[in-house]
Amino acid sequence: MGTYSFVVQNGFDSQTGGPGPQSAGVNVTVAGGTPTISSVSPNPVTGSTSPQTVTINGANFVNKPTVTVTSAGGGSSTLPASAVTFVSSTQLTMLITTQNNPDNWTVQVTNPSGGGSSSAFPFRIVAPTPVITSLSTTPSPPTTAGAFTFTINGSGFYPAGALISVTGPGCAPCTIQNSALTTKTT
C-alpha cells in the first residue's frame, strides 16, 4: 500500500564518473487494505423494472471487484462483471434491476486476488410513483341508475398494497388486491 516511483538509469557515465542518464520518474499507487463502503447513491433507490445505475462510494476499491447485492425479499446475487464499473479506488457503479416492490437491500464489495471484502452496506428500495395512463368504465359512459366497474391502467402500481382513492357519490375506498386494478362502486 502506498505510492512507488520507478526510474530507469543507464549504467555509469565513464566521463563524469557518476551515474548514467535516467528516465523521468513514473509513480504508481498501490491500493491496499480491505474495501469499505461509506454510502450508496441514490439512497433510497426508486424501484424499477428497468436496469438503473447506482453509485457505491467508499475506500480501497481495486479494478475488477466482485459486487454482491442481497434483498430481504429475494435472496442474494453476484452481479456479472459487465454490471460493475470501477471508477476509482473510492467509487464503483453497479447496474441493478430492483422491480417495483419496496425492500431493504445490502451491497458488498470483494476485491480480487484475496483483497478482502467490505461489510454489507444497507440501502432501501422504495416503490415508484404510480402513473395513471387511462381509465375505462363499464358501462361506458357510467349511468346513474346503478353500479359500474372501472379499470385503471398505468405504471408503477405496487401490486401488494396500492390503494385506489375514489371520491364521488356512493364511492367507498378501494384496495388493489394483487395486480387487479378493477373495482365496483355501489
# chains A, B, ... in the order shown; residues from 1 in each chain; ligands from 1
>>> closest_atom_pairs(of="stretch 102-135 of chain A", to="stretch 43-65 of chain A", cutoff="9 Å", atoms="only C-alpha atoms", output="JSON lines")
{"residue": "A:Pro102", "atom": "CA", "partner": "A:Gly47", "partner_atom": "CA", "distance": 7.0}
{"residue": "A:Asp103", "atom": "CA", "partner": "A:Gly47", "partner_atom": "CA", "distance": 8.9}
{"residue": "A:Val107", "atom": "CA", "partner": "A:Ile56", "partner_atom": "CA", "distance": 8.6}
{"residue": "A:Val109", "atom": "CA", "partner": "A:Pro65", "partner_atom": "CA", "distance": 6.5}
{"residue": "A:Thr110", "atom": "CA", "partner": "A:Pro65", "partner_atom": "CA", "distance": 5.6}
{"residue": "A:Asn111", "atom": "CA", "partner": "A:Pro65", "partner_atom": "CA", "distance": 4.7}
{"residue": "A:Pro112", "atom": "CA", "partner": "A:Pro65", "partner_atom": "CA", "distance": 5.6}
{"residue": "A:Gly115", "atom": "CA", "partner": "A:Val62", "partner_atom": "CA", "distance": 8.5}
{"residue": "A:Phe123", "atom": "CA", "partner": "A:Asn43", "partner_atom": "CA", "distance": 6.0}
{"residue": "A:Arg124", "atom": "CA", "partner": "A:Pro44", "partner_atom": "CA", "distance": 4.8}
{"residue": "A:Ile125", "atom": "CA", "partner": "A:Val45", "partner_atom": "CA", "distance": 4.8}
{"residue": "A:Val126", "atom": "CA", "partner": "A:Thr46", "partner_atom": "CA", "distance": 5.0}
{"residue": "A:Ala127", "atom": "CA", "partner": "A:Gly47", "partner_atom": "CA", "distance": 5.2}
{"residue": "A:Pro128", "atom": "CA", "partner": "A:Gly47", "partner_atom": "CA", "distance": 5.5}
{"residue": "A:Thr129", "atom": "CA", "partner": "A:Thr46", "partner_atom": "CA", "distance": 8.6}
>>> write_last_selection(atoms="N, CA and C atoms", output="mmCIF file, in the first residue's frame")
data_model
loop_
_atom_site.group_PDB
_atom_site.id
_atom_site.type_symbol
_atom_site.label_atom_id
_atom_site.label_comp_id
_atom_site.auth_asym_id
_atom_site.auth_seq_id
_atom_site.Cartn_x
_atom_site.Cartn_y
_atom_site.Cartn_z
ATOM 1 N N PRO A 102 -41.092 -2.333 -2.659
ATOM 2 C CA PRO A 102 -40.224 -1.781 -1.615
ATOM 3 C C PRO A 102 -39.485 -2.923 -0.916
ATOM 4 N N ASP A 103 -38.244 -2.689 -0.570
ATOM 5 C CA ASP A 103 -37.438 -3.745 0.033
ATOM 6 C C ASP A 103 -36.210 -3.119 0.680
ATOM 7 N N VAL A 107 -25.325 -4.236 -0.136
ATOM 8 C CA VAL A 107 -24.307 -4.435 -1.167
ATOM 9 C C VAL A 107 -22.987 -4.721 -0.463
ATOM 10 N N VAL A 109 -18.706 -5.437 -1.440
ATOM 11 C CA VAL A 109 -17.652 -5.391 -2.442
ATOM 12 C C VAL A 109 -16.512 -6.294 -1.997
ATOM 13 N N THR A 110 -16.057 -7.155 -2.916
ATOM 14 C CA THR A 110 -14.908 -8.022 -2.657
ATOM 15 C C THR A 110 -13.838 -7.716 -3.691
ATOM 16 N N ASN A 111 -12.641 -7.353 -3.220
ATOM 17 C CA ASN A 111 -11.527 -7.091 -4.127
ATOM 18 C C ASN A 111 -10.975 -8.410 -4.661
ATOM 19 N N PRO A 112 -10.430 -8.409 -5.874
ATOM 20 C CA PRO A 112 -9.876 -9.641 -6.437
ATOM 21 C C PRO A 112 -8.587 -10.071 -5.732
ATOM 22 N N GLY A 115 -8.120 -9.739 -1.854
ATOM 23 C CA GLY A 115 -8.032 -8.381 -1.326
ATOM 24 C C GLY A 115 -9.026 -8.046 -0.240
ATOM 25 N N PHE A 123 -29.112 -0.412 1.924
ATOM 26 C CA PHE A 123 -29.814 0.662 1.228
ATOM 27 C C PHE A 123 -31.245 0.204 0.979
ATOM 28 N N ARG A 124 -32.128 1.178 0.696
ATOM 29 C CA ARG A 124 -33.550 0.875 0.563
ATOM 30 C C ARG A 124 -34.016 1.007 -0.875
ATOM 31 N N ILE A 125 -35.011 0.188 -1.209
ATOM 32 C CA ILE A 125 -35.732 0.308 -2.463
ATOM 33 C C ILE A 125 -37.126 0.808 -2.089
ATOM 34 N N VAL A 126 -37.587 1.872 -2.753
ATOM 35 C CA VAL A 126 -38.931 2.402 -2.496
ATOM 36 C C VAL A 126 -39.778 2.237 -3.753
ATOM 37 N N ALA A 127 -41.059 2.097 -3.557
ATOM 38 C CA ALA A 127 -41.979 1.946 -4.688
ATOM 39 C C ALA A 127 -41.959 3.202 -5.551
ATOM 40 N N PRO A 128 -42.064 3.035 -6.869
ATOM 41 C CA PRO A 128 -42.106 4.207 -7.746
ATOM 42 C C PRO A 128 -43.426 4.958 -7.590
ATOM 43 N N THR A 129 -43.474 6.189 -8.062
ATOM 44 C CA THR A 129 -44.706 6.965 -8.067
ATOM 45 C C THR A 129 -45.632 6.385 -9.132
#
>>> atom_distance(atom1="atom CA of A:Gln99", atom2="atom CA of A:Ser118")
25.3 Å
>>> residues_around(residues="A:Thr137", least_positions_apart="2", cutoff="6 Å", atoms="only C-alpha atoms", output="PyMOL selection string")
chain A and resi 139-140+149-150
>>> residues_around(residues="A:Val8", least_positions_apart="3", cutoff="12 Å", atoms="only C-alpha atoms", output="PyMOL selection string")
chain A and resi 5+11+19-26
>>> atom_distance(atom1="atom CA of A:Pro35", atom2="atom CA of A:Gly75")
22.7 Å
>>> atom_distance(atom1="atom CA of A:Thr106", atom2="atom CA of A:Gly156")
22.9 Å
